[in-house]
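So this block is upload-v5.pdb, PDB, N, CA and C atoms:
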```
ATOM      1  N   MET F 987      97.668 177.411  83.825
ATOM      2  CA  MET F 987      96.604 178.192  84.397
ATOM      3  C   MET F 987      95.296 177.980  83.633
ATOM      4  N   SER F 988      95.390 177.862  82.291
ATOM      5  CA  SER F 988      94.173 177.648  81.517
ATOM      6  C   SER F 988      93.576 176.271  81.821
ATOM      7  N   LEU F 989      94.424 175.313  82.165
ATOM      8  CA  LEU F 989      93.912 173.997  82.538
ATOM      9  C   LEU F 989      93.081 174.089  83.818
ATOM     10  N   LEU F 990      93.507 174.923  84.739
ATOM     11  CA  LEU F 990      92.762 175.125  85.968
ATOM     12  C   LEU F 990      91.381 175.731  85.677
ATOM     13  N   PHE F 991      91.334 176.721  84.778
ATOM     14  CA  PHE F 991      90.062 177.324  84.410
ATOM     15  C   PHE F 991      89.156 176.318  83.702
ATOM     16  N   ALA F 992      89.739 175.487  82.853
ATOM     17  CA  ALA F 992      88.955 174.477  82.149
ATOM     18  C   ALA F 992      88.369 173.467  83.130
ATOM     19  N   LEU F 993      89.156 173.041  84.091
ATOM     20  CA  LEU F 993      88.658 172.091  85.084
ATOM     21  C   LEU F 993      87.578 172.713  85.964
ATOM     22  N   ALA F 994      87.730 173.988  86.297
ATOM     23  CA  ALA F 994      86.712 174.676  87.091
ATOM     24  C   ALA F 994      85.411 174.796  86.305
ATOM     25  N   ALA F 995      85.504 175.119  85.031
ATOM     26  CA  ALA F 995      84.308 175.228  84.193
ATOM     27  C   ALA F 995      83.622 173.874  84.056
ATOM     28  N   LEU F 996      84.409 172.823  83.881
ATOM     29  CA  LEU F 996      83.823 171.490  83.742
ATOM     30  C   LEU F 996      83.157 171.017  85.033
ATOM     31  N   SER F 997      83.607 171.516  86.148
ATOM     32  CA  SER F 997      82.972 171.124  87.406
ATOM     33  C   SER F 997      81.712 171.942  87.677
ATOM     34  N   LEU F 998      81.623 173.157  87.154
ATOM     35  CA  LEU F 998      80.458 174.011  87.395
ATOM     36  C   LEU F 998      79.323 173.768  86.401
ATOM     37  N   LEU F 999      79.641 173.460  85.162
ATOM     38  CA  LEU F 999      78.606 173.340  84.135
ATOM     39  C   LEU F 999      77.592 172.222  84.386
ATOM     40  N   PRO F1000      77.996 171.028  84.805
ATOM     41  CA  PRO F1000      76.974 170.008  85.063
ATOM     42  C   PRO F1000      76.011 170.405  86.179
ATOM     43  N   GLY F1001      76.483 171.108  87.181
ATOM     44  CA  GLY F1001      75.603 171.572  88.250
ATOM     45  C   GLY F1001      74.609 172.592  87.750
ATOM     46  N   ALA F1002      75.064 173.486  86.878
ATOM     47  CA  ALA F1002      74.157 174.483  86.296
ATOM     48  C   ALA F1002      73.151 173.806  85.377
ATOM     49  N   ALA F1003      73.577 172.805  84.634
ATOM     50  CA  ALA F1003      72.667 172.098  83.735
ATOM     51  C   ALA F1003      71.604 171.331  84.525
ATOM     52  N   PHE F1004      71.956 170.867  85.690
ATOM     53  CA  PHE F1004      71.014 170.113  86.511
ATOM     54  C   PHE F1004      69.859 170.990  86.981
ATOM     55  N   HIS F1005      70.110 172.261  87.190
ATOM     56  CA  HIS F1005      69.091 173.160  87.721
ATOM     57  C   HIS F1005      68.249 173.838  86.651
ATOM     58  N   THR F1006      68.569 173.638  85.383
ATOM     59  CA  THR F1006      67.784 174.261  84.319
ATOM     60  C   THR F1006      66.695 173.315  83.844
ATOM     61  N   ASP F1007      65.734 173.888  83.122
ATOM     62  CA  ASP F1007      64.661 173.102  82.540
ATOM     63  C   ASP F1007      65.223 172.233  81.413
ATOM     64  N   THR F1008      64.624 171.102  81.175
ATOM     65  CA  THR F1008      65.114 170.177  80.158
ATOM     66  C   THR F1008      65.071 170.794  78.768
ATOM     67  N   SER F1009      64.027 171.549  78.473
ATOM     68  CA  SER F1009      63.940 172.161  77.143
ATOM     69  C   SER F1009      65.039 173.204  76.937
ATOM     70  N   VAL F1010      65.377 173.941  77.978
ATOM     71  CA  VAL F1010      66.458 174.926  77.879
ATOM     72  C   VAL F1010      67.790 174.210  77.666
ATOM     73  N   LEU F1011      67.995 173.124  78.379
ATOM     74  CA  LEU F1011      69.230 172.349  78.239
ATOM     75  C   LEU F1011      69.339 171.757  76.835
ATOM     76  N   ALA F1012      68.235 171.207  76.318
ATOM     77  CA  ALA F1012      68.250 170.624  74.977
ATOM     78  C   ALA F1012      68.488 171.692  73.914
ATOM     79  N   THR F1013      67.894 172.863  74.080
ATOM     80  CA  THR F1013      68.101 173.950  73.127
ATOM     81  C   THR F1013      69.549 174.408  73.134
ATOM     82  N   GLY F1014      70.115 174.546  74.298
ATOM     83  CA  GLY F1014      71.524 174.931  74.393
ATOM     84  C   GLY F1014      72.453 173.890  73.792
ATOM     85  N   ALA F1015      72.165 172.633  74.060
ATOM     86  CA  ALA F1015      72.992 171.558  73.502
ATOM     87  C   ALA F1015      72.887 171.529  71.979
ATOM     88  N   ALA F1016      71.687 171.752  71.455
ATOM     89  CA  ALA F1016      71.510 171.776  70.002
ATOM     90  C   ALA F1016      72.241 172.958  69.378
ATOM     91  N   ALA F1017      72.217 174.108  70.048
ATOM     92  CA  ALA F1017      72.923 175.283  69.529
ATOM     93  C   ALA F1017      74.432 175.046  69.518
ATOM     94  N   ILE F1018      74.955 174.441  70.561
ATOM     95  CA  ILE F1018      76.394 174.151  70.621
ATOM     96  C   ILE F1018      76.770 173.137  69.546
ATOM     97  N   ALA F1019      75.945 172.106  69.359
ATOM     98  CA  ALA F1019      76.221 171.096  68.332
ATOM     99  C   ALA F1019      76.193 171.716  66.940
ATOM    100  N   ALA F1020      75.234 172.600  66.680
ATOM    101  CA  ALA F1020      75.163 173.257  65.371
ATOM    102  C   ALA F1020      76.396 174.121  65.136
ATOM    103  N   TRP F1021      76.833 174.833  66.173
ATOM    104  CA  TRP F1021      78.022 175.667  66.033
ATOM    105  C   TRP F1021      79.248 174.807  65.749
ATOM    106  N   LEU F1022      79.383 173.692  66.457
ATOM    107  CA  LEU F1022      80.532 172.814  66.227
ATOM    108  C   LEU F1022      80.522 172.214  64.829
ATOM    109  N   LEU F1023      79.345 171.837  64.337
ATOM    110  CA  LEU F1023      79.251 171.306  62.981
ATOM    111  C   LEU F1023      79.604 172.367  61.941
ATOM    112  N   ALA F1024      79.127 173.582  62.140
ATOM    113  CA  ALA F1024      79.448 174.663  61.206
ATOM    114  C   ALA F1024      80.941 174.976  61.231
ATOM    115  N   PHE F1025      81.527 174.988  62.408
ATOM    116  CA  PHE F1025      82.960 175.251  62.530
ATOM    117  C   PHE F1025      83.771 174.150  61.850
ATOM    118  N   GLY F1026      83.379 172.893  62.063
ATOM    119  CA  GLY F1026      84.080 171.779  61.430
ATOM    120  C   GLY F1026      83.976 171.819  59.917
ATOM    121  N   ALA F1027      82.798 172.154  59.398
ATOM    122  CA  ALA F1027      82.627 172.258  57.949
ATOM    123  C   ALA F1027      83.467 173.396  57.383
ATOM    124  N   ARG F1028      83.508 174.515  58.078
ATOM    125  CA  ARG F1028      84.306 175.648  57.608
ATOM    126  C   ARG F1028      85.790 175.298  57.580
ATOM    127  N   GLU F1029      86.257 174.625  58.614
ATOM    128  CA  GLU F1029      87.668 174.237  58.658
ATOM    129  C   GLU F1029      88.001 173.213  57.576
ATOM    130  N   ARG F1030      87.096 172.292  57.321
ATOM    131  CA  ARG F1030      87.333 171.277  56.284
ATOM    132  C   ARG F1030      87.408 171.943  54.908
ATOM    133  N   LEU F1031      86.515 172.898  54.658
ATOM    134  CA  LEU F1031      86.549 173.604  53.376
ATOM    135  C   LEU F1031      87.830 174.420  53.235
ATOM    136  N   ALA F1032      88.282 175.005  54.307
ATOM    137  CA  ALA F1032      89.520 175.795  54.262
ATOM    138  C   ALA F1032      90.716 174.901  53.967
ATOM    139  N   ARG F1033      90.745 173.704  54.509
ATOM    140  CA  ARG F1033      91.857 172.782  54.247
ATOM    141  C   ARG F1033      91.850 172.308  52.799
ATOM    142  N   ARG F1034      90.660 172.066  52.267
ATOM    143  CA  ARG F1034      90.590 171.617  50.870
ATOM    144  C   ARG F1034      91.042 172.696  49.914
ATOM    145  N   LYS F1035      90.804 173.954  50.238
ATOM    146  CA  LYS F1035      91.237 175.048  49.369
ATOM    147  C   LYS F1035      92.746 175.226  49.408
ATOM    148  N   GLN F1036      93.383 174.869  50.520
ATOM    149  CA  GLN F1036      94.836 175.015  50.633
ATOM    150  C   GLN F1036      95.573 173.958  49.808
ATOM    151  N   HIS F1037      95.023 172.776  49.706
ATOM    152  CA  HIS F1037      95.732 171.679  49.020
ATOM    153  C   HIS F1037      95.393 171.640  47.595
TER     154      HIS F1037
END
```

Mind converting the file's structure to C-alpha cells?
Amino acid sequence: MSLLFALAALSLLPGAAFHTDTSVLATGAAAIAAWLLAFGARERLARRKQH
C-alpha cells in the first residue's frame, strides 16, 4: 500500500513543480538537499560513535 502512495506522490509532484515559479522550485530543492545532507551527516556521526 505504501508503494501505491509513493507512486501517486511521484506522479503528482512533477506536475506541481511545473506550475510553480522557478525561484520557489529552486528554494524548495535547496531546502530538501540541505535536509538530506544534514540527515546523512548525522547518521554518519552516529555510526562512527557506535564502532

Using the file's own x, y and z axes, so that the box edges lie along x, y and z, what centre and edge lengths in Å (one decimal) does a box around every listed atom of range 992-1003 of chain F get when 5 Å is added on each side? Give it as AutoDock Vina command-line options.
```
--center_x 80.7 --center_y 172.7 --center_z 85.2 --size_x 28.1 --size_y 15.5 --size_z 16.1
```

Q.
Quick check, in Å to one decimal: how far apart do atom N of Ala994 in chain F and atom N of Arg1028 in chain F lie?
A.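 So the answer is 28.5 Å.
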
Q | For CA of Gln1036 in chain F and CA of Leu1023 in chain F, the interatomic separation in Å (one decimal) | A |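 So the two atoms, CA of Gln1036 in chain F and CA of Leu1023 in chain F, lie 20.2 Å apart.
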
Extract range 1014-1029 of chain F from the structure I just pasted (atoms: all heavy atoms) and return it as an mmCIF file, in the first residue's frame.
```
data_model
loop_
_atom_site.group_PDB
_atom_site.id
_atom_site.type_symbol
_atom_site.label_atom_id
_atom_site.label_comp_id
_atom_site.auth_asym_id
_atom_site.auth_seq_id
_atom_site.Cartn_x
_atom_site.Cartn_y
_atom_site.Cartn_z
ATOM 1 N N GLY F 1014 12.900 25.355 -2.765
ATOM 2 C CA GLY F 1014 12.448 24.081 -2.204
ATOM 3 C C GLY F 1014 13.457 22.963 -2.414
ATOM 4 O O GLY F 1014 13.716 22.168 -1.508
ATOM 5 N N ALA F 1015 14.030 22.917 -3.600
ATOM 6 C CA ALA F 1015 15.035 21.888 -3.885
ATOM 7 C C ALA F 1015 16.270 22.076 -3.007
ATOM 8 O O ALA F 1015 16.846 21.096 -2.516
ATOM 9 C CB ALA F 1015 15.417 21.937 -5.360
ATOM 10 N N ALA F 1016 16.673 23.324 -2.796
ATOM 11 C CA ALA F 1016 17.827 23.591 -1.937
ATOM 12 C C ALA F 1016 17.534 23.212 -0.490
ATOM 13 O O ALA F 1016 18.400 22.672 0.206
ATOM 14 C CB ALA F 1016 18.211 25.066 -2.025
ATOM 15 N N ALA F 1017 16.314 23.477 -0.029
ATOM 16 C CA ALA F 1017 15.945 23.114 1.343
ATOM 17 C C ALA F 1017 15.942 21.596 1.519
ATOM 18 O O ALA F 1017 16.432 21.079 2.530
ATOM 19 C CB ALA F 1017 14.575 23.688 1.684
ATOM 20 N N ILE F 1018 15.427 20.877 0.547
ATOM 21 C CA ILE F 1018 15.407 19.410 0.623
ATOM 22 C C ILE F 1018 16.831 18.864 0.593
ATOM 23 O O ILE F 1018 17.185 17.953 1.348
ATOM 24 C CB ILE F 1018 14.552 18.822 -0.514
ATOM 25 C CG1 ILE F 1018 13.085 19.159 -0.274
ATOM 26 C CG2 ILE F 1018 14.751 17.315 -0.626
ATOM 27 C CD1 ILE F 1018 12.187 18.836 -1.439
ATOM 28 N N ALA F 1019 17.684 19.421 -0.268
ATOM 29 C CA ALA F 1019 19.076 18.969 -0.348
ATOM 30 C C ALA F 1019 19.809 19.235 0.962
ATOM 31 O O ALA F 1019 20.579 18.386 1.430
ATOM 32 C CB ALA F 1019 19.782 19.670 -1.505
ATOM 33 N N ALA F 1020 19.581 20.395 1.570
ATOM 34 C CA ALA F 1020 20.229 20.706 2.848
ATOM 35 C C ALA F 1020 19.768 19.739 3.933
ATOM 36 O O ALA F 1020 20.574 19.266 4.746
ATOM 37 C CB ALA F 1020 19.930 22.148 3.245
ATOM 38 N N TRP F 1021 18.474 19.427 3.945
ATOM 39 C CA TRP F 1021 17.961 18.491 4.939
ATOM 40 C C TRP F 1021 18.578 17.111 4.741
ATOM 41 O O TRP F 1021 18.955 16.436 5.711
ATOM 42 C CB TRP F 1021 16.435 18.418 4.855
ATOM 43 C CG TRP F 1021 15.857 17.500 5.861
ATOM 44 C CD1 TRP F 1021 15.613 17.759 7.168
ATOM 45 C CD2 TRP F 1021 15.478 16.141 5.648
ATOM 46 N NE1 TRP F 1021 15.083 16.642 7.776
ATOM 47 C CE2 TRP F 1021 14.997 15.634 6.875
ATOM 48 C CE3 TRP F 1021 15.495 15.295 4.532
ATOM 49 C CZ2 TRP F 1021 14.539 14.338 7.005
ATOM 50 C CZ3 TRP F 1021 15.026 14.002 4.677
ATOM 51 C CH2 TRP F 1021 14.568 13.537 5.902
ATOM 52 N N LEU F 1022 18.675 16.662 3.495
ATOM 53 C CA LEU F 1022 19.269 15.350 3.234
ATOM 54 C C LEU F 1022 20.738 15.299 3.625
ATOM 55 O O LEU F 1022 21.213 14.299 4.164
ATOM 56 C CB LEU F 1022 19.097 14.986 1.756
ATOM 57 C CG LEU F 1022 17.685 14.605 1.331
ATOM 58 C CD1 LEU F 1022 17.629 14.448 -0.183
ATOM 59 C CD2 LEU F 1022 17.234 13.339 2.013
ATOM 60 N N LEU F 1023 21.475 16.375 3.366
ATOM 61 C CA LEU F 1023 22.879 16.420 3.764
ATOM 62 C C LEU F 1023 23.027 16.403 5.284
ATOM 63 O O LEU F 1023 23.894 15.716 5.823
ATOM 64 C CB LEU F 1023 23.557 17.662 3.180
ATOM 65 C CG LEU F 1023 23.838 17.612 1.685
ATOM 66 C CD1 LEU F 1023 24.316 18.975 1.199
ATOM 67 C CD2 LEU F 1023 24.857 16.545 1.367
ATOM 68 N N ALA F 1024 22.186 17.150 5.975
ATOM 69 C CA ALA F 1024 22.242 17.162 7.439
ATOM 70 C C ALA F 1024 21.881 15.793 8.007
ATOM 71 O O ALA F 1024 22.521 15.312 8.951
ATOM 72 C CB ALA F 1024 21.305 18.236 7.988
ATOM 73 N N PHE F 1025 20.882 15.157 7.437
ATOM 74 C CA PHE F 1025 20.481 13.827 7.894
ATOM 75 C C PHE F 1025 21.599 12.814 7.659
ATOM 76 O O PHE F 1025 21.904 11.996 8.526
ATOM 77 C CB PHE F 1025 19.209 13.388 7.170
ATOM 78 C CG PHE F 1025 18.732 12.031 7.575
ATOM 79 C CD1 PHE F 1025 18.070 11.850 8.773
ATOM 80 C CD2 PHE F 1025 18.934 10.926 6.755
ATOM 81 C CE1 PHE F 1025 17.627 10.593 9.160
ATOM 82 C CE2 PHE F 1025 18.498 9.679 7.121
ATOM 83 C CZ PHE F 1025 17.843 9.508 8.336
ATOM 84 N N GLY F 1026 22.227 12.872 6.483
ATOM 85 C CA GLY F 1026 23.328 11.959 6.184
ATOM 86 C C GLY F 1026 24.512 12.163 7.109
ATOM 87 O O GLY F 1026 25.127 11.192 7.574
ATOM 88 N N ALA F 1027 24.842 13.417 7.406
ATOM 89 C CA ALA F 1027 25.944 13.697 8.327
ATOM 90 C C ALA F 1027 25.621 13.199 9.730
ATOM 91 O O ALA F 1027 26.486 12.630 10.412
ATOM 92 C CB ALA F 1027 26.227 15.196 8.343
ATOM 93 N N ARG F 1028 24.393 13.391 10.167
ATOM 94 C CA ARG F 1028 24.002 12.926 11.498
ATOM 95 C C ARG F 1028 24.082 11.406 11.592
ATOM 96 O O ARG F 1028 24.577 10.862 12.588
ATOM 97 C CB ARG F 1028 22.584 13.385 11.804
ATOM 98 C CG ARG F 1028 22.155 13.072 13.224
ATOM 99 C CD ARG F 1028 20.727 13.412 13.428
ATOM 100 N NE ARG F 1028 19.920 12.452 12.677
ATOM 101 C CZ ARG F 1028 18.635 12.250 12.877
ATOM 102 N NH1 ARG F 1028 17.978 12.977 13.754
ATOM 103 N NH2 ARG F 1028 17.974 11.358 12.172
ATOM 104 N N GLU F 1029 23.621 10.725 10.561
ATOM 105 C CA GLU F 1029 23.676 9.262 10.566
ATOM 106 C C GLU F 1029 25.115 8.756 10.523
ATOM 107 O O GLU F 1029 25.454 7.773 11.177
ATOM 108 C CB GLU F 1029 22.881 8.702 9.386
ATOM 109 C CG GLU F 1029 21.394 8.887 9.535
ATOM 110 C CD GLU F 1029 20.827 8.145 10.714
ATOM 111 O OE1 GLU F 1029 21.179 6.969 10.911
ATOM 112 O OE2 GLU F 1029 20.029 8.742 11.457
#
```
